[in-house]
>>> print(open('protein21.cif').read())   # mmCIF, C-alpha atoms
data_protein
#
loop_
_atom_site.group_PDB
_atom_site.id
_atom_site.type_symbol
_atom_site.label_atom_id
_atom_site.label_comp_id
_atom_site.auth_asym_id
_atom_site.auth_seq_id
_atom_site.Cartn_x
_atom_site.Cartn_y
_atom_site.Cartn_z
ATOM 1 C CA MET M 1 5.507 80.105 114.187
ATOM 2 C CA LYS M 2 6.377 83.694 113.638
ATOM 3 C CA LYS M 3 6.379 84.356 117.362
ATOM 4 C CA SER M 4 8.830 81.567 118.197
ATOM 5 C CA LYS M 5 11.207 82.861 115.557
ATOM 6 C CA THR M 6 11.075 86.293 117.146
ATOM 7 C CA THR M 7 11.867 84.799 120.556
ATOM 8 C CA LEU M 8 14.772 82.939 119.024
ATOM 9 C CA LEU M 9 16.105 86.156 117.542
ATOM 10 C CA ILE M 10 15.769 87.968 120.878
ATOM 11 C CA VAL M 11 17.842 85.207 122.454
ATOM 12 C CA ALA M 12 20.363 85.540 119.632
ATOM 13 C CA ALA M 13 20.615 89.288 120.242
ATOM 14 C CA ALA M 14 21.141 88.692 123.963
ATOM 15 C CA VAL M 15 23.907 86.187 123.200
ATOM 16 C CA ILE M 16 25.628 88.710 120.894
ATOM 17 C CA PHE M 17 25.378 91.349 123.609
ATOM 18 C CA LEU M 18 26.833 89.089 126.310
ATOM 19 C CA ALA M 19 29.574 87.881 123.974
ATOM 20 C CA GLY M 20 30.412 91.536 123.332
ATOM 21 C CA ILE M 21 30.639 92.303 127.051
ATOM 22 C CA THR M 22 32.786 89.246 127.734
ATOM 23 C CA GLY M 23 35.073 90.113 124.832
ATOM 24 C CA SER M 24 35.344 93.750 125.970
ATOM 25 C CA LEU M 25 36.360 92.698 129.487
ATOM 26 C CA PHE M 26 38.906 90.299 128.054
ATOM 27 C CA VAL M 27 40.367 93.047 125.870
ATOM 28 C CA LEU M 28 40.401 95.598 128.712
ATOM 29 C CA PHE M 29 42.237 93.327 131.123
ATOM 30 C CA ALA M 30 44.769 91.910 128.683
ATOM 31 C CA PRO M 31 48.253 92.524 130.107
ATOM 32 C CA LYS M 32 50.700 95.123 128.845
ATOM 33 C CA GLN M 33 53.831 94.228 126.954
ATOM 34 C CA SER M 34 57.062 96.113 126.583
ATOM 35 C CA ALA M 35 57.480 96.101 122.801
ATOM 36 C CA VAL M 36 55.287 98.330 120.676
ATOM 37 C CA ASN M 37 54.704 98.179 116.930
ATOM 38 C CA ILE M 38 53.788 101.215 114.881
ATOM 39 C CA ILE M 39 52.006 99.990 111.783
ATOM 40 C CA GLN M 40 50.866 102.012 108.801
ATOM 41 C CA ASP M 41 49.120 100.531 105.753
ATOM 42 C CA GLY M 42 49.840 97.054 107.131
ATOM 43 C CA LYS M 43 53.609 97.641 107.235
ATOM 44 C CA THR M 44 55.459 97.814 110.533
ATOM 45 C CA LEU M 45 57.257 101.168 110.476
ATOM 46 C CA MET M 46 59.087 100.671 113.753
ATOM 47 C CA THR M 47 59.223 98.471 116.820
ATOM 48 C CA LEU M 48 59.992 100.216 120.083
ATOM 49 C CA ARG M 49 60.976 98.891 123.485
ATOM 50 C CA LEU M 50 59.126 101.408 125.581
ATOM 51 C CA SER M 51 61.083 100.804 128.790
ATOM 52 C CA GLU M 52 64.323 101.644 126.983
ATOM 53 C CA GLU M 53 63.018 104.603 124.964
ATOM 54 C CA LYS M 54 63.850 108.164 125.955
ATOM 55 C CA ASP M 55 60.984 110.610 126.357
ATOM 56 C CA ARG M 56 60.438 112.158 122.957
ATOM 57 C CA THR M 57 57.870 113.379 120.476
ATOM 58 C CA PHE M 58 57.939 112.747 116.759
ATOM 59 C CA VAL M 59 55.733 113.315 113.741
ATOM 60 C CA LEU M 60 54.599 110.566 111.389
ATOM 61 C CA PRO M 61 53.555 112.099 108.080
ATOM 62 C CA TYR M 62 50.892 110.432 105.934
ATOM 63 C CA GLY M 63 50.121 112.202 102.659
ATOM 64 C CA ASP M 64 48.903 115.683 103.554
ATOM 65 C CA SER M 65 48.058 114.529 107.054
ATOM 66 C CA SER M 66 50.159 113.470 110.018
ATOM 67 C CA ASN M 67 50.149 112.068 113.548
ATOM 68 C CA THR M 68 52.266 113.388 116.393
ATOM 69 C CA ILE M 69 53.376 110.561 118.648
ATOM 70 C CA GLU M 70 54.633 111.040 122.182
ATOM 71 C CA ILE M 71 56.664 108.619 124.280
ATOM 72 C CA LYS M 72 56.883 109.480 127.954
ATOM 73 C CA ASP M 73 57.717 107.476 131.087
ATOM 74 C CA GLY M 74 57.614 104.233 129.126
ATOM 75 C CA ARG M 75 54.183 104.937 127.691
ATOM 76 C CA ILE M 76 53.079 105.869 124.188
ATOM 77 C CA ARG M 77 50.194 107.875 122.803
ATOM 78 C CA VAL M 78 49.113 109.929 119.815
ATOM 79 C CA LYS M 79 49.442 113.493 121.049
ATOM 80 C CA ASP M 80 47.936 115.210 118.050
ATOM 81 C CA ALA M 81 46.522 114.221 114.679
ATOM 82 C CA GLN M 82 45.428 116.039 111.567
ATOM 83 C CA CYS M 83 42.296 114.068 111.007
ATOM 84 C CA PRO M 84 38.637 115.002 111.388
ATOM 85 C CA ASP M 85 37.685 112.675 114.241
ATOM 86 C CA LYS M 86 40.810 112.568 116.439
ATOM 87 C CA THR M 87 39.722 109.240 117.864
ATOM 88 C CA CYS M 88 43.360 108.196 118.211
ATOM 89 C CA VAL M 89 44.132 111.245 120.351
ATOM 90 C CA HIS M 90 41.147 110.590 122.592
ATOM 91 C CA THR M 91 42.184 106.959 123.076
ATOM 92 C CA GLY M 92 45.045 108.261 125.201
ATOM 93 C CA TRP M 93 47.982 106.149 126.364
ATOM 94 C CA LEU M 94 48.320 102.635 124.995
ATOM 95 C CA SER M 95 47.295 100.448 127.912
ATOM 96 C CA SER M 96 45.985 97.075 126.763
ATOM 97 C CA SER M 97 47.767 94.544 124.598
ATOM 98 C CA ALA M 98 44.473 93.638 122.969
ATOM 99 C CA MET M 99 43.306 97.180 122.194
ATOM 100 C CA PRO M 100 45.519 99.153 119.815
ATOM 101 C CA ILE M 101 45.459 102.889 119.204
ATOM 102 C CA VAL M 102 43.925 103.370 115.780
ATOM 103 C CA CYS M 103 43.779 106.305 113.391
ATOM 104 C CA LEU M 104 41.542 105.136 110.580
ATOM 105 C CA PRO M 105 41.930 108.206 108.318
ATOM 106 C CA ASN M 106 45.731 107.828 108.357
ATOM 107 C CA HIS M 107 45.676 104.002 108.370
ATOM 108 C CA LEU M 108 47.826 104.041 111.499
ATOM 109 C CA VAL M 109 47.838 101.398 114.228
ATOM 110 C CA ILE M 110 49.937 101.428 117.384
ATOM 111 C CA SER M 111 49.815 98.185 119.305
ATOM 112 C CA PHE M 112 51.831 96.071 121.687
ATOM 113 C CA ALA M 113 53.850 93.543 119.724
ATOM 114 C CA ASP M 114 52.766 89.926 119.895
ATOM 115 C CA SER M 115 54.633 88.172 122.655
ATOM 116 C CA GLU M 116 54.514 84.942 120.632
ATOM 117 C CA GLY M 117 57.458 86.039 118.509
ATOM 118 C CA GLU M 118 59.620 86.509 121.575
ATOM 119 C CA VAL M 119 58.631 83.157 123.043
ATOM 120 C CA ASP M 120 59.647 81.473 119.791
ATOM 121 C CA ALA M 121 62.989 83.237 119.825
ATOM 122 C CA VAL M 122 63.650 82.019 123.362
ATOM 123 C CA ALA M 123 62.645 78.463 122.484
ATOM 124 C CA GLU M 124 65.111 78.378 119.619
ATOM 125 C CA MET I 1 7.561 106.597 90.961
ATOM 126 C CA LYS I 2 4.701 108.850 91.956
ATOM 127 C CA PRO I 3 5.692 112.439 92.821
ATOM 128 C CA ARG I 4 4.092 112.065 96.239
ATOM 129 C CA ARG I 5 6.237 109.042 97.043
ATOM 130 C CA LEU I 6 9.339 110.799 95.771
ATOM 131 C CA ALA I 7 8.582 113.796 97.984
ATOM 132 C CA GLU I 8 8.112 111.566 101.012
ATOM 133 C CA LEU I 9 11.465 109.912 100.415
ATOM 134 C CA ALA I 10 13.126 113.288 99.948
ATOM 135 C CA VAL I 11 11.667 114.644 103.190
ATOM 136 C CA LEU I 12 12.741 111.554 105.136
ATOM 137 C CA THR I 13 16.244 111.780 103.676
ATOM 138 C CA ALA I 14 16.440 115.447 104.644
ATOM 139 C CA VAL I 15 15.280 114.676 108.179
ATOM 140 C CA ALA I 16 17.870 111.902 108.457
ATOM 141 C CA LEU I 17 20.591 114.303 107.270
ATOM 142 C CA ILE I 18 19.566 116.922 109.818
ATOM 143 C CA ILE I 19 19.650 114.339 112.617
ATOM 144 C CA PHE I 20 23.037 113.171 111.368
ATOM 145 C CA ILE I 21 24.504 116.687 111.420
ATOM 146 C CA ILE I 22 23.075 117.496 114.853
ATOM 147 C CA GLU I 23 24.535 114.260 116.200
ATOM 148 C CA LEU I 24 27.962 115.312 114.920
ATOM 149 C CA GLN I 25 27.837 118.290 117.265
ATOM 150 C CA ILE I 26 27.448 116.039 120.303
ATOM 151 C CA PRO I 27 30.902 115.095 121.552
ATOM 152 C CA ASN I 28 31.466 111.345 121.579
ATOM 153 C CA PRO I 29 32.519 110.158 125.054
ATOM 154 C CA PHE I 30 33.877 106.846 123.755
ATOM 155 C CA PRO I 31 37.252 107.024 122.031
ATOM 156 C CA ILE I 32 36.625 103.921 119.964
ATOM 157 C CA PRO I 33 36.415 104.139 116.187
ATOM 158 C CA GLY I 34 32.938 103.205 114.986
ATOM 159 C CA VAL I 35 31.110 103.693 118.284
ATOM 160 C CA LYS I 36 28.218 106.027 117.693
ATOM 161 C CA LEU I 37 24.569 106.389 118.553
ATOM 162 C CA GLY I 38 23.579 106.627 114.893
ATOM 163 C CA LEU I 39 20.385 108.567 115.494
ATOM 164 C CA ALA I 40 19.893 109.082 111.766
ATOM 165 C CA ASN I 41 19.183 105.381 111.542
ATOM 166 C CA ILE I 42 15.836 105.982 113.223
ATOM 167 C CA ILE I 43 14.775 107.032 109.747
ATOM 168 C CA THR I 44 16.513 104.071 108.122
ATOM 169 C CA VAL I 45 14.746 101.609 110.415
ATOM 170 C CA TYR I 46 11.422 103.272 109.733
ATOM 171 C CA ALA I 47 12.028 103.257 105.985
ATOM 172 C CA VAL I 48 12.972 99.572 105.911
ATOM 173 C CA TYR I 49 9.509 98.708 107.219
ATOM 174 C CA HIS I 50 7.523 101.235 105.189
ATOM 175 C CA TYR I 51 9.214 101.506 101.802
ATOM 176 C CA ARG I 52 10.445 99.149 99.154
ATOM 177 C CA ALA I 53 13.987 97.833 99.291
ATOM 178 C CA TYR I 54 15.336 99.994 96.475
ATOM 179 C CA GLU I 55 13.647 103.106 97.869
ATOM 180 C CA THR I 56 15.284 102.588 101.251
ATOM 181 C CA ALA I 57 18.627 101.894 99.605
ATOM 182 C CA MET I 58 18.400 105.147 97.629
ATOM 183 C CA MET I 59 17.604 107.116 100.784
ATOM 184 C CA VAL I 60 20.546 105.651 102.662
ATOM 185 C CA ALA I 61 22.914 106.164 99.725
ATOM 186 C CA VAL I 62 21.988 109.844 99.399
ATOM 187 C CA ARG I 63 22.275 110.388 103.137
ATOM 188 C CA LEU I 64 25.697 108.740 103.313
ATOM 189 C CA LEU I 65 27.065 110.721 100.402
ATOM 190 C CA LEU I 66 25.722 114.116 101.490
ATOM 191 C CA GLY I 67 26.491 113.350 105.139
ATOM 192 C CA SER I 68 30.140 112.680 104.432
ATOM 193 C CA ILE I 69 30.398 115.836 102.333
ATOM 194 C CA PHE I 70 28.701 118.007 104.964
ATOM 195 C CA SER I 71 30.746 116.585 107.812
ATOM 196 C CA GLY I 72 33.985 116.903 105.810
ATOM 197 C CA ASN I 73 34.941 113.361 106.695
ATOM 198 C CA ILE I 74 34.998 111.753 103.280
ATOM 199 C CA ALA I 75 37.523 109.151 104.431
ATOM 200 C CA ALA I 76 34.820 107.726 106.683
ATOM 201 C CA LEU I 77 32.479 107.180 103.724
ATOM 202 C CA LEU I 78 34.074 103.842 102.878
ATOM 203 C CA TYR I 79 33.494 102.475 106.379
ATOM 204 C CA SER I 80 29.970 103.786 106.766
ATOM 205 C CA ALA I 81 29.016 102.650 103.257
ATOM 206 C CA SER I 82 30.163 99.068 103.777
ATOM 207 C CA GLY I 83 28.450 99.075 107.158
ATOM 208 C CA SER I 84 25.235 100.322 105.628
ATOM 209 C CA VAL I 85 25.266 97.725 102.865
ATOM 210 C CA CYS I 86 25.560 94.903 105.439
ATOM 211 C CA CYS I 87 22.941 96.510 107.640
ATOM 212 C CA LEU I 88 20.432 97.045 104.831
ATOM 213 C CA LEU I 89 20.795 93.550 103.384
ATOM 214 C CA GLY I 90 20.325 92.027 106.821
ATOM 215 C CA MET I 91 17.349 94.174 107.752
ATOM 216 C CA LEU I 92 15.565 93.639 104.453
ATOM 217 C CA LEU I 93 15.757 89.911 105.123
ATOM 218 C CA LEU I 94 14.761 90.316 108.762
ATOM 219 C CA ARG I 95 11.663 92.341 107.986
ATOM 220 C CA LYS I 96 10.107 89.168 106.601
ATOM 221 C CA ILE I 97 10.684 87.400 109.929
ATOM 222 C CA ILE I 98 10.332 90.135 112.537
ATOM 223 C CA ASP I 99 7.019 91.988 112.649
ATOM 224 C CA GLU I 100 6.769 95.704 113.187
ATOM 225 C CA ARG I 101 5.996 95.403 116.890
ATOM 226 C CA HIS I 102 9.545 94.131 117.314
ATOM 227 C CA LEU I 103 11.126 96.935 115.342
ATOM 228 C CA TRP I 104 13.732 97.436 118.054
ATOM 229 C CA LEU I 105 14.963 93.864 117.574
ATOM 230 C CA ALA I 106 15.402 94.320 113.833
ATOM 231 C CA SER I 107 17.248 97.532 114.635
ATOM 232 C CA VAL I 108 19.638 95.750 117.033
ATOM 233 C CA PHE I 109 20.581 93.288 114.317
ATOM 234 C CA GLY I 110 20.895 96.123 111.816
ATOM 235 C CA ALA I 111 23.287 97.976 114.110
ATOM 236 C CA VAL I 112 25.405 94.911 114.824
ATOM 237 C CA LEU I 113 25.597 94.149 111.101
ATOM 238 C CA HIS I 114 26.525 97.765 110.410
ATOM 239 C CA ASN I 115 29.400 97.542 112.875
ATOM 240 C CA THR I 116 30.492 94.222 111.383
ATOM 241 C CA GLY I 117 30.621 95.729 107.893
ATOM 242 C CA GLN I 118 32.572 98.727 109.184
ATOM 243 C CA MET I 119 35.017 96.480 110.973
ATOM 244 C CA LEU I 120 35.670 94.354 107.874
ATOM 245 C CA ALA I 121 36.193 97.471 105.758
ATOM 246 C CA ALA I 122 38.573 98.953 108.313
ATOM 247 C CA VAL I 123 40.616 95.757 108.509
ATOM 248 C CA ALA I 124 40.701 95.525 104.703
ATOM 249 C CA VAL I 125 41.809 99.152 104.308
ATOM 250 C CA THR I 126 44.466 99.206 107.020
ATOM 251 C CA GLN I 127 45.508 95.563 106.440
ATOM 252 C CA THR I 128 45.781 95.206 110.200
ATOM 253 C CA ALA I 129 43.980 92.345 111.917
ATOM 254 C CA GLN I 130 44.660 93.866 115.364
ATOM 255 C CA LEU I 131 41.672 96.107 114.712
ATOM 256 C CA PHE I 132 39.407 93.180 115.554
ATOM 257 C CA ALA I 133 40.230 93.951 119.195
ATOM 258 C CA TYR I 134 37.616 96.688 118.922
ATOM 259 C CA TYR I 135 34.941 94.310 117.710
ATOM 260 C CA PRO I 136 33.593 93.301 121.166
ATOM 261 C CA PHE I 137 33.118 96.972 122.051
ATOM 262 C CA LEU I 138 31.346 97.533 118.768
ATOM 263 C CA LEU I 139 29.027 94.603 119.487
ATOM 264 C CA VAL I 140 28.015 96.032 122.866
ATOM 265 C CA SER I 141 27.594 99.549 121.550
ATOM 266 C CA GLY I 142 25.772 98.219 118.490
ATOM 267 C CA CYS I 143 23.231 96.375 120.640
ATOM 268 C CA LEU I 144 22.594 99.396 122.852
ATOM 269 C CA ALA I 145 22.520 101.978 120.078
ATOM 270 C CA GLY I 146 20.435 99.701 117.857
ATOM 271 C CA ALA I 147 17.873 99.096 120.605
ATOM 272 C CA PHE I 148 17.685 102.831 121.287
ATOM 273 C CA THR I 149 17.227 103.933 117.684
ATOM 274 C CA GLY I 150 14.821 101.054 117.114
ATOM 275 C CA LEU I 151 12.674 102.122 120.063
ATOM 276 C CA CYS I 152 12.701 105.716 118.808
ATOM 277 C CA ALA I 153 11.502 104.479 115.422
ATOM 278 C CA GLN I 154 8.796 102.430 117.139
ATOM 279 C CA PHE I 155 7.490 105.532 118.868
ATOM 280 C CA ILE I 156 7.504 107.450 115.604
ATOM 281 C CA VAL I 157 5.501 104.884 113.623
ATOM 282 C CA PRO I 158 2.040 105.615 115.152
ATOM 283 C CA ARG I 159 2.659 109.369 114.958
ATOM 284 C CA LEU I 160 3.550 109.252 111.291
ATOM 285 C CA LYS I 161 0.513 107.085 110.607
ATOM 286 C CA LYS I 162 -1.702 109.928 111.822
ATOM 287 C CA ILE I 163 -0.299 112.489 109.378
ATOM 288 C CA LYS I 164 0.258 110.164 106.444
ATOM 289 C CA PRO I 165 -2.774 109.411 104.253
ATOM 290 C CA LYS I 166 -3.144 105.781 103.242
ATOM 291 C CA THR I 167 -1.479 105.108 99.912
ATOM 292 C CA LYS I 168 -0.222 101.822 98.555
#
>>> encode(input="protein21.cif", output="C-alpha cells")
Amino acid sequence: MKKSKTTLLIVAAAVIFLAGITGSLFVLFAPKQSAVNIIQDGKTLMTLRLSEEKDRTFVLPYGDSSNTIEIKDGRIRVKDAQCPDKTCVHTGWLSSSAMPIVCLPNHLVISFADSEGEVDAVAE
Amino acid sequence: MKPRRLAELAVLTAVALIIFIIELQIPNPFPIPGVKLGLANIITVYAVYHYRAYETAMMVAVRLLLGSIFSGNIAALLYSASGSVCCLLGMLLLRKIIDERHLWLASVFGAVLHNTGQMLAAVAVTQTAQLFAYYPFLLVSGCLAGAFTGLCAQFIVPRLKKIKPKTK
C-alpha cells in the first residue's frame, strides 16, 4: 500500500518535471513583439514601440532604489539596478514575449505587450 | 523542551545558516528570480523527518529571519517565507506517506511547493501576472535542486545516526 503510493508520487514528480520542461521550451521560443510595457507595482508606466525608439538610457527611480534602462538597436534591457541580487541586469536583453525582465525588489516588470489588444483594435 | 533537544535544534539551525551564507557566495548562473540550489534545505529536509512539526518550523523561521538579515536582502524575506510555509506544510503531510528511504522524493515536492509559494507571493506583491512565465523554469529547477538536496540529506542521515545517541 505504502509502496504503491510512493510509486504514484514518483510518477507525479516526473510529470511535474516534464511539464516544467515543456513550459520552459514554450516560453523560450515564444515570438518577439514590437511593443514593450514597463510595469511597476502593477501599473503600466509606459508603452514603447522599440522599432521606433531612439537609442537612449533612462533611470526609473523606486523609493531609495532605481533601475537604469537602456534601449539600443530596437532592444531593451536593464543596464544597472540598485538592488541586492541584480537578477534583472543578468537577464539581459528582453527576447521572449513570454519571459519578462523582472526586478522583484523594485517591483518592476518589463515585458512585450500582449498582441491581443492590437488584434482587437484592428478588428474594430 | 529538554535542553539537549534545544541544543540540537540550535546547532542544526546554525549549520543551515552557514550553508546558506556560503551558497550566497557562489554566483548564480541562471538569471531567473527564485532559481537557486537551496543547499540549506538539506537541513530542513532532515529536520522534517527527525523532529516534530513545530520544532522544524521554528528552525526554518529562525534561519529565514537571520539569513535575510545576514545577506542584507530583507526584501526577499517575503518571498522565501511564503515559499517555506508552502514547502513545510506539504512536506509535513508527505512524511506520513513517503518513508525515509525516499527522502529525495519528499524533497522534490518540497522544492516545487517552495517555488510555487514564492511565485504566488511575487505575483501578489508586484500585481503582475506575467511573472507566471517564470513558473515552468522554477518547476524544472525545483525538481533538480530538490532531488539534489534530498539526496544530500539522505547521505547525511546514517552519518548523523552514528553520532547521535538514541533519545525519544
>>> resolve_selection(input="protein21.cif", expression="the PyMOL selection byres ((chain I) within 10 of (chain M))", output="PyMOL selection string")
chain I and resi 28-34+71-76+79+94+96-99+102+105-106+108-109+112+122-144
>>> resolve_selection(input="protein21.cif", expression="the PyMOL selection byres ((chain I and resi 117) around 9)", output="PyMOL selection string")
chain I and resi 79-87+112-116+118-122
>>> closest_residue(input="protein21.cif", among="I:Thr149, I:Gln25, I:Gln154, I:Thr13", to="Ile42 of chain I", atoms="all atoms listed in the file")
I:Thr149
>>> closest_residue(input="protein21.cif", among="M:Pro61, M:Pro31, M:Ile71, M:Ala81", to="Leu45 of chain M", atoms="only C-alpha atoms")
M:Pro61
>>> residues_around(input="protein21.cif", residues="Thr68 of chain M", least_positions_apart="4", cutoff="9 Å", atoms="all atoms listed in the file", output="number ranges by chain")
M: 57-61, 77-82
>>> atom_distance(input="protein21.cif", atom1="atom CA of Leu65 of chain I", atom2="atom CA of Leu151 of chain I")
25.8 Å
>>> atom_distance(input="protein21.cif", atom1="atom CA of Leu17 of chain I", atom2="atom CA of Met58 of chain I")
13.5 Å
